[in-house]
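Participant: The structure under discussion is supplied below as structure tokens; questions concerning it will follow.
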Amino acid sequence: MIDKVQETHLYKWLCEKNSEFLGQVNEAIRYAEIMLPLVSKVFADYTVHGIRHSINVMEYMFSLITDIDLLSDLEVVLLIYSALFHDIGMVTNENEINDIKSDNSVLGERKYSKVFEKYGEENISLQECIRPVHGKRSREHIENQMDEKLFLIPDSSVVSFRDELGLICMSHNEDFEWIEKELVNQSKKGHFEINSQYIAVLLRIADYLDIDEQRAPLYLYKYLQPKEFGDLEWKQHFVIENFDKVVMNEKTGLKEIIFQGTSQEPSVHRKLLKYFDSINGELRNAVSLCERFVDAKYLLPLKTSVINKIQTKDFSFSDLRLSLDYNAVTNLLMGEHIYGDKKYGLRELIQNSIDACKTMEESSLQMEEFRYQKYQPFISIVLDKDRRQVVIMDNGSGMSIEILKKYFLNVGVSYYASDDYLLQGRNYSPIGHYGIGFLACFMLSNRVEVKTVYYKDHKMNRISFEKNSEYICLTYENDSRQQGTEIILDYDQCMGVFENKVESLVSFVERNFLDSGIPIKISTMENGKPNTIECVVKEIEQIIPDNICLNDYLDGVEAYIDCTYKQINFATHLRDLNGCDSYYYDDENYSLDREEGLLIRDCVNNGKIQLMNIPIISESDENDFLKAYEVLEDYEEALGKIGCFESINVWAREEEITGYALYVEESSASIIGGYTLGAFRDQFSHASYTPVQTTYVEKAVIANESNMVLPYNESCVVSGNYRWERTDLCYVKNVLLSGLKISVPYLVDGVVLKGAVINIKNPEFVPNVSRNNISTLQQTKLSYAIGKAIHMWIRDNVSLTSEQKGLLDLFIESKYSMANYCLK
């Protein structure tokens with residue numbers, strides 16, 4: 001085992017050539033030997049990241065090179081330097097740590113406070129702030145903290161390779177495409193050639209390969225939970241034994257990467273297999289890139305899949321994998337069976353634009369370019385008949401190549417639900433959560449093109465793809481552009497969804513969105529002439545002109561309700577419950593007596609009043625009723641045919657009321673207790689040959705020491721002239737959820753809910769995958785909060801007597817006693 005950099009093949013090669021760089025390399029080694037042990041200050045529970053790791057990386061680099069004698073001295077120096085300093089960004093001092101913990105220093109886009117909120121442990125939280133950006137920190141350390149003399153070309157006081165080294169070290173922590181975009185493969189420093197891309201590729205592969213019983217790399221950590229990694233439990237379960245992993249296959253002339261060892265735990269073995277998949281992807285990219293270099297000396301004659309010789313103990317894995325059919329899955333996720341209507345594809349795209357603009361609006365507050373001119377978001381839908389395109393564009397935050405690859409093109413993985421977004425500690429909580437919303441655009445067009453410019457790099461990424469193919473065309477443009485995204489759809493297919501009517505598209509947008517402070521503009525282009533179409537996206541308070549506003553009582557929920565509330569039924573008499581004359585049954589005299597002298601509160605039993613309602617059919621209506629009853633064979637329907645009729649309420653002190661409908665035909669038969677149908681006919685002039693069918697009425701009431709009670713109803717909906725005609729509109733973050741309806745659990749009698757507009761901004765609410773509803777539990781909590789807020793508003797705004805207010809307070813206290821996250 002090599003213990004010193006000076007014993008590595010790369011260093012010895014420089015010695016053999018008596019390289020002019022040796023003095024600087026020795027200084028760099030001494031600097032690394034001082035600095036790299038400091039990695040353990042924060043990363044003590046990580047595997048080795050010191051000189052030991054650097055030496056291993058150098059040896060793996062050497063084993064991958066086809067012919068080192070063809071490389072320049074400077075290229076070999078860069079290999080040594082990159083092995084020494086690619087992880088130096090993991091070094092932190094006390095001041096940096098304090099700044100990170102106080103959120104004064106935000107590394108990348110992660111706030112320590114949000115990371116700590118997730119992990120609940122200081123050291124892990126520090127690691128999770130530093131780890132994702134340690135490559136960039138390494139570059140900054142090289143460029144800002146290290147002596148320039150370490151990077152000067154010999155015999156030059158001006159020409160330096162510091163910038164090249166910084167980029168190479170940064171590249172090992174970036175996406176592979178970053179190498180091609182940011183590094184060059186042909187350049188010179190003095191008289192030395194440099195292929196920075198080649199050196200970066202060797203660094204990445206060598207870093208991957210340094211895993212054995214001595215060390216596990218950062219890449220494997222990505223597949224482990226931090227706490228599992230922290231105590232290194234997984235190291236007890238499998239061991240990679242071989243250090244010399246790069247072996248020449250004499251038959252093929254290709255070098256092969258071989259892993260040997262023993263694995264004892266299936267769950268950890270799965271992570272290892274996933275790790276091998278990552279290496280295989282890296283190898284394919286590396287070999288492909290090197291094949292495009294002009295000079296053959298930079299070829300990488302390497303097999304693009306590792307050879308797995310890890311022996312499993314007491315379990316086995318087959319080569320079978322769960323696979324998904326692209327067309328079947330995407331058709332399932334983007335079809336009408338999820339969204340219900342192809343039109344909702346447009347809603348999804350506008351939702352994405354709203355999220356992007358809101359995110360950009362928050363970012364702009366910290367950006368110098370918007371210091372004097374406030375960011376003005378917009379969303380524009382262009383119906384370009386000339387080019388046969390529909391374009392949905394915005395000036396939101398756009399997408400970087402990393403976001404595109406990790407989230408946008410990765411079905412089911414949402415950027416807004418990931419640590420990359422959540423740990424930024426933003427105030428805005430986006431609408432999108434599922435990572436499939438973009439597939440809905442295929443309901444509008446079989447071909448889609450996306451042009452997007454991320455606000456941090458201002459370079460365009462262009463993607464085009466088709467509905468029935470998983471192959472994506474991705475191109476880059478280096479010209480600087482304004483941030484934002486354009487989605488380009490086929491005109492005929494898209495407009496066909498809207499019956500080829502522009503007004504239909506406009507109406508859809510107006511109905512499905514509230515004003516979010518982002519103007520949604522619609523315009524047409526035909527025969528070279530643009531035309532702007534009026535699209536009025538209303539503010540929530542404008543939808544219902546006459547409303548009560550419940551915002552003061554709700555947390556993260558806006559609610560405007562159209563209801564009648566001035567005729568609350570504070571009942572003093574039994575007849576107040578439904579307007580019918582009321583009687584009580586005298587069980588001593590078998591008679592029905594008027595309710596005079598009877599206190600309604602004395603009729604309450606366990607919070608309810610139980611009555612019998614009996615219709616009275618006069619002699620003049622008898623013939624019509626009997627004919628209708630003979631045909632319909634239904635008492636209630638027959639009553640409806642004769643029009644107006646009277647009925648009475650009957651209350652009994654004892655348990656005389658049956659609790660169900662009672663049909664009485666014989667005059668001597670009992671209606672209640674000893675009171676017969678004959679007595680009823682005599683007392684109320686009920687027709688001589690008409691039977692009676694009673695109705696059981698149970699009314700819930702609130703009662704106290706007052707002489708009145710407060711009746712209330714349960715499960716009340718918001719409806720128009722008919723109960724089935726729902727008139728409530730519910731939005732989440734200004735986007736309509738067509739399936740979400742409110743059912744208030746308790747509503748005092750006399751209050752009628754005629755209309756409602758509700759906009760949920762509370763981050764606790766996440767719409768379902770089709771974004772037309774929320775979970776049943778959340779519906780319940782929202783309805784409960786709306787119900788309570790309505791009654792609190794009535795208590796605070798309606799003129800009530802002290803007796804009435806006491807009953808309403810008791811109602812709120814008994815029926816709406818619970819708090820939830822929708823209520824202040």
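Residue numbers start at 1 in each chain; chains themselves are named A, B, ... in the order of the structure tokens; ligands are numbered from 1 in the order shown.
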Show me, as a list in words, the residues that have an atom within 8 Å of Thr564 in chain A when counting only C-alpha atoms, minus same-chain residues fewer than 6 positions from it.
Facilitator: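 Listed by chain and then number, they are Gly750, Val751, Val752, Leu753 and Lys754 of chain A.
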Participant: Taking 5 positions as the minimum chain separation for residues in the same chain, which residues sit within 10 Å of Glu637 in chain A when counting only C-alpha atoms? Answer as a ChimeraX atom specification.
Facilitator: /A:625,628-629,632,642
Participant: Can I get the residues of range 95-209 of chain A within 6 Å of range 423-430 of chain A, each with the closest pair of atoms and their distance in Å to one decimal, using only C-alpha atoms, sorted chain first then ascending number, as CSV?
Facilitator:
residue,atom,partner,partner_atom,distance
A:Glu109,CA,A:Gln424,CA,5.1
A:Arg110,CA,A:Gln424,CA,4.3
A:Lys111,CA,A:Gln424,CA,5.3
A:Lys114,CA,A:Leu423,CA,5.2
A:Val115,CA,A:Leu423,CA,5.7
Participant: How many Å lie between CA of Ser156 in chain A and CA of Ser187 in chain A, rounded to one decimal?
Facilitator: 17.2 Å
Participant: Kindly give the distance, in Å, that separates CA of Gln389 in chain A and CA of Ile488 in chain A, rounded to a single decimal.
Facilitator: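 If I compute the distance from CA of Gln389 in chain A to CA of Ile488 in chain A, I get 6.4 Å.
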Participant: If you measure from CA of Asp576 in chain A to CA of Glu588 in chain A, what distance in Å do you get, rounded to one decimal?
Facilitator: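 Distance between the two atoms: 26.3 Å.
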Participant: Near range 33-36 of chain A, within 7 Å and counting only C-alpha atoms, which residues show up once chain neighbours fewer than 2 positions away are dropped, as number ranges by chain?
Facilitator: A: 29-31, 38-39, 50-51, 88
Participant: Please produce an output containing C-alpha atoms for each residue in the selection, written as an mmCIF file, in the first residue's frame.
Facilitator:
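File written: part_10.cif
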data_model
loop_
_atom_site.group_PDB
_atom_site.id
_atom_site.type_symbol
_atom_site.label_atom_id
_atom_site.label_comp_id
_atom_site.auth_asym_id
_atom_site.auth_seq_id
_atom_site.Cartn_x
_atom_site.Cartn_y
_atom_site.Cartn_z
ATOM 1 C CA ILE A 29 1.615 18.297 -1.322
ATOM 2 C CA ARG A 30 2.715 20.034 1.893
ATOM 3 C CA TYR A 31 -0.278 22.400 1.681
ATOM 4 C CA LEU A 38 -9.317 19.547 8.578
ATOM 5 C CA VAL A 39 -12.099 17.921 6.518
ATOM 6 C CA GLY A 50 -7.567 13.099 3.352
ATOM 7 C CA ILE A 51 -4.217 12.378 1.707
ATOM 8 C CA ILE A 88 -10.729 20.788 -0.124
#
Participant: Kindly indicate which residue among A:Val382, A:Leu439, A:Ala687, A:Ala296 lies nearest to Leu70 in chain A, using only C-alpha atoms for the distances.
Facilitator: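 Answer, going by the shortest atom-to-atom distance: A:Ala296.
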Participant: Could you list, as a ChimeraX atom specification, every residue within 9 Å of range 142-155 of chain A, counting only C-alpha atoms and ignoring same-chain residues fewer than 5 positions away?
Facilitator: /A:20-21,23-25,27-28,31,74,85,88,137,160-163,165-166,189-190,192
Participant: For the residues in the current selection, export N, CA and C atoms as a PDB file, in the first residue's frame.
Facilitator:
ATOM      1  N   GLU A  20      10.058  20.409 -14.476  1.00  0.00           N
ATOM      2  CA  GLU A  20      10.231  21.756 -13.913  1.00  0.00           C
ATOM      3  C   GLU A  20       9.176  22.040 -12.833  1.00  0.00           C
ATOM      4  N   PHE A  21       8.119  21.240 -12.799  1.00  0.00           N
ATOM      5  CA  PHE A  21       7.018  21.499 -11.861  1.00  0.00           C
ATOM      6  C   PHE A  21       7.248  20.873 -10.487  1.00  0.00           C
ATOM      7  N   GLY A  23       9.105  21.276  -7.866  1.00  0.00           N
ATOM      8  CA  GLY A  23       9.152  22.144  -6.682  1.00  0.00           C
ATOM      9  C   GLY A  23       7.764  22.605  -6.267  1.00  0.00           C
ATOM     10  N   GLN A  24       6.957  23.030  -7.254  1.00  0.00           N
ATOM     11  CA  GLN A  24       5.595  23.475  -6.956  1.00  0.00           C
ATOM     12  C   GLN A  24       4.731  22.312  -6.457  1.00  0.00           C
ATOM     13  N   VAL A  25       4.936  21.137  -7.085  1.00  0.00           N
ATOM     14  CA  VAL A  25       4.152  19.970  -6.668  1.00  0.00           C
ATOM     15  C   VAL A  25       4.455  19.619  -5.218  1.00  0.00           C
ATOM     16  N   GLU A  27       5.375  21.670  -2.875  1.00  0.00           N
ATOM     17  CA  GLU A  27       4.706  22.686  -2.048  1.00  0.00           C
ATOM     18  C   GLU A  27       3.211  22.397  -1.952  1.00  0.00           C
ATOM     19  N   ALA A  28       2.620  21.976  -3.070  1.00  0.00           N
ATOM     20  CA  ALA A  28       1.187  21.657  -3.082  1.00  0.00           C
ATOM     21  C   ALA A  28       0.897  20.462  -2.174  1.00  0.00           C
ATOM     22  N   TYR A  31       0.941  21.627   1.396  1.00  0.00           N
ATOM     23  CA  TYR A  31      -0.278  22.400   1.681  1.00  0.00           C
ATOM     24  C   TYR A  31      -1.457  21.429   1.907  1.00  0.00           C
ATOM     25  N   LEU A  74       2.306  19.333 -17.655  1.00  0.00           N
ATOM     26  CA  LEU A  74       1.258  20.103 -16.992  1.00  0.00           C
ATOM     27  C   LEU A  74      -0.004  19.251 -16.786  1.00  0.00           C
ATOM     28  N   PHE A  85      -6.843  18.316  -4.307  1.00  0.00           N
ATOM     29  CA  PHE A  85      -7.656  19.461  -3.897  1.00  0.00           C
ATOM     30  C   PHE A  85      -9.132  19.389  -4.285  1.00  0.00           C
ATOM     31  N   ILE A  88     -11.164  19.803  -1.117  1.00  0.00           N
ATOM     32  CA  ILE A  88     -10.729  20.788  -0.124  1.00  0.00           C
ATOM     33  C   ILE A  88     -11.871  21.736   0.251  1.00  0.00           C
ATOM     34  N   ARG A 137     -16.973  25.006  -3.746  1.00  0.00           N
ATOM     35  CA  ARG A 137     -16.149  25.556  -2.671  1.00  0.00           C
ATOM     36  C   ARG A 137     -14.670  25.238  -2.894  1.00  0.00           C
ATOM     37  N   SER A 160      -0.784  31.209 -15.647  1.00  0.00           N
ATOM     38  CA  SER A 160      -1.200  30.369 -14.515  1.00  0.00           C
ATOM     39  C   SER A 160      -2.240  29.345 -14.966  1.00  0.00           C
ATOM     40  N   PHE A 161      -2.234  28.193 -14.313  1.00  0.00           N
ATOM     41  CA  PHE A 161      -3.254  27.182 -14.588  1.00  0.00           C
ATOM     42  C   PHE A 161      -4.238  27.066 -13.414  1.00  0.00           C
ATOM     43  N   ARG A 162      -4.307  28.105 -12.583  1.00  0.00           N
ATOM     44  CA  ARG A 162      -5.203  28.112 -11.427  1.00  0.00           C
ATOM     45  C   ARG A 162      -6.677  27.946 -11.849  1.00  0.00           C
ATOM     46  N   ASP A 163      -7.094  28.709 -12.869  1.00  0.00           N
ATOM     47  CA  ASP A 163      -8.495  28.654 -13.282  1.00  0.00           C
ATOM     48  C   ASP A 163      -8.880  27.275 -13.798  1.00  0.00           C
ATOM     49  N   LEU A 165      -7.530  24.392 -12.991  1.00  0.00           N
ATOM     50  CA  LEU A 165      -7.618  23.469 -11.863  1.00  0.00           C
ATOM     51  C   LEU A 165      -8.919  23.671 -11.089  1.00  0.00           C
ATOM     52  N   GLY A 166      -9.286  24.937 -10.862  1.00  0.00           N
ATOM     53  CA  GLY A 166     -10.521  25.213 -10.131  1.00  0.00           C
ATOM     54  C   GLY A 166     -11.738  24.603 -10.809  1.00  0.00           C
ATOM     55  N   LYS A 189      -1.019  26.284 -22.083  1.00  0.00           N
ATOM     56  CA  LYS A 189      -0.465  27.200 -21.088  1.00  0.00           C
ATOM     57  C   LYS A 189       1.034  27.209 -21.313  1.00  0.00           C
ATOM     58  N   GLY A 190       1.528  28.337 -21.765  1.00  0.00           N
ATOM     59  CA  GLY A 190       2.930  28.356 -22.179  1.00  0.00           C
ATOM     60  C   GLY A 190       3.094  27.397 -23.351  1.00  0.00           C
ATOM     61  N   PHE A 192       2.797  24.114 -22.888  1.00  0.00           N
ATOM     62  CA  PHE A 192       2.210  22.852 -22.442  1.00  0.00           C
ATOM     63  C   PHE A 192       0.765  22.723 -22.921  1.00  0.00           C
TER      64      PHE A 192
END
Participant: Give the answer as one residue: which of A:Tyr454, A:Phe315, A:Tyr712, A:Tyr375 has the shortest atom-to-atom distance to Lys358 in chain A, using only C-alpha atoms?
Facilitator: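 The closest residue to Lys358 in chain A is A:Tyr375.
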Participant: Find the spatial neighbours of Ile381 in chain A, counting only C-alpha atoms, within a cut-off of 6 Å - ignore same-chain residues fewer than 6 positions away - and output them as a list in words.
Facilitator: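 Near Ile381 in chain A, the qualifying residues are Val391, Ile392 and Ile522 of chain A.
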Participant: Can you list every residue in range 403-561 of chain A that DSSP puts in strand (DSSP E), as number ranges by chain?
Facilitator: A: 447-453, 459-466, 473-480, 484-490, 520-526, 529-533, 548-549, 557-561
Participant: With C-alpha atoms retained, could you export that selection as a PDB file, in the first residue's frame?
Facilitator:
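Result file again34.pdb:
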ATOM      1  CA  ARG A 447     -45.055  17.075 -30.220  1.00  0.00           C
ATOM      2  CA  VAL A 448     -43.697  19.472 -27.634  1.00  0.00           C
ATOM      3  CA  GLU A 449     -40.720  21.787 -27.582  1.00  0.00           C
ATOM      4  CA  VAL A 450     -39.426  23.487 -24.448  1.00  0.00           C
ATOM      5  CA  LYS A 451     -37.102  26.468 -24.402  1.00  0.00           C
ATOM      6  CA  THR A 452     -35.957  27.441 -20.934  1.00  0.00           C
ATOM      7  CA  VAL A 453     -33.397  29.845 -19.463  1.00  0.00           C
ATOM      8  CA  LYS A 459     -28.252  30.308 -21.196  1.00  0.00           C
ATOM      9  CA  MET A 460     -30.978  28.558 -23.133  1.00  0.00           C
ATOM     10  CA  ASN A 461     -31.647  24.849 -22.896  1.00  0.00           C
ATOM     11  CA  ARG A 462     -33.863  23.530 -25.680  1.00  0.00           C
ATOM     12  CA  ILE A 463     -35.706  20.200 -25.450  1.00  0.00           C
ATOM     13  CA  SER A 464     -37.985  18.573 -27.994  1.00  0.00           C
ATOM     14  CA  PHE A 465     -39.835  15.294 -27.642  1.00  0.00           C
ATOM     15  CA  GLU A 466     -42.812  13.339 -28.919  1.00  0.00           C
ATOM     16  CA  CYS A 473     -33.424  15.967 -28.144  1.00  0.00           C
ATOM     17  CA  LEU A 474     -31.470  18.389 -25.949  1.00  0.00           C
ATOM     18  CA  THR A 475     -29.420  21.331 -27.218  1.00  0.00           C
ATOM     19  CA  TYR A 476     -27.715  24.292 -25.566  1.00  0.00           C
ATOM     20  CA  GLU A 477     -27.255  27.885 -26.649  1.00  0.00           C
ATOM     21  CA  ASN A 478     -24.540  30.079 -25.192  1.00  0.00           C
ATOM     22  CA  ASP A 479     -26.167  33.400 -26.049  1.00  0.00           C
ATOM     23  CA  SER A 480     -27.349  35.229 -22.953  1.00  0.00           C
ATOM     24  CA  GLY A 484     -38.111  32.104 -18.430  1.00  0.00           C
ATOM     25  CA  THR A 485     -39.712  29.178 -20.231  1.00  0.00           C
ATOM     26  CA  GLU A 486     -41.588  28.646 -23.486  1.00  0.00           C
ATOM     27  CA  ILE A 487     -43.737  25.569 -24.173  1.00  0.00           C
ATOM     28  CA  ILE A 488     -44.490  25.161 -27.893  1.00  0.00           C
ATOM     29  CA  LEU A 489     -47.448  22.992 -28.947  1.00  0.00           C
ATOM     30  CA  ASP A 490     -49.069  22.038 -32.248  1.00  0.00           C
ATOM     31  CA  ILE A 520     -52.162  36.098 -18.062  1.00  0.00           C
ATOM     32  CA  LYS A 521     -52.237  37.544 -21.567  1.00  0.00           C
ATOM     33  CA  ILE A 522     -53.747  35.817 -24.595  1.00  0.00           C
ATOM     34  CA  SER A 523     -52.983  36.949 -28.116  1.00  0.00           C
ATOM     35  CA  THR A 524     -53.401  35.681 -31.654  1.00  0.00           C
ATOM     36  CA  MET A 525     -51.204  35.960 -34.703  1.00  0.00           C
ATOM     37  CA  GLU A 526     -52.772  35.603 -38.148  1.00  0.00           C
ATOM     38  CA  LYS A 529     -51.156  40.680 -37.578  1.00  0.00           C
ATOM     39  CA  PRO A 530     -51.096  40.336 -33.775  1.00  0.00           C
ATOM     40  CA  ASN A 531     -54.239  40.783 -31.753  1.00  0.00           C
ATOM     41  CA  THR A 532     -54.572  40.886 -27.971  1.00  0.00           C
ATOM     42  CA  ILE A 533     -57.641  39.211 -26.501  1.00  0.00           C
ATOM     43  CA  ILE A 548     -69.171  38.092   3.855  1.00  0.00           C
ATOM     44  CA  CYS A 549     -65.383  37.822   4.162  1.00  0.00           C
ATOM     45  CA  VAL A 557     -57.442  30.443   3.482  1.00  0.00           C
ATOM     46  CA  GLU A 558     -59.402  33.217   1.769  1.00  0.00           C
ATOM     47  CA  ALA A 559     -63.165  32.728   1.864  1.00  0.00           C
ATOM     48  CA  TYR A 560     -66.021  34.877   0.576  1.00  0.00           C
ATOM     49  CA  ILE A 561     -69.508  33.532   1.283  1.00  0.00           C
TER      50      ILE A 561
END
Participant: Counting only C-alpha atoms, what is within 6 Å of Asp749 in chain A, bar same-chain residues fewer than 3 positions away, as a PyMOL selection string?
Facilitator: chain A and resi 568-569+711-712
Participant: Applying 10 Å and only C-alpha atoms, which residues near Val133 in chain A remain after dropping the ones on its own chain fewer than 4 positions away? List them as a VMD selection string.
Facilitator: chain A and resid 89 to 90 107 to 110 128 to 129 137 to 138 170 173 to 174
Participant: Write out as a PyMOL selection string all residues of range 103-290 of chain A that backbone DSSP assigns to helix (DSSP H, G or I).
Facilitator: chain A and resi 112-119+122-144+148-151+162-171+176-182+196-209+218-221+226-230+233-236+266-290
Participant: With distances taken over only C-alpha atoms, which of A:Val509, A:Leu324, A:Ile543, A:Ile240 is nearest to Glu470 in chain A?
Facilitator: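 When distances to Glu470 in chain A are compared using only C-alpha atoms, the smallest one comes from A:Leu324.
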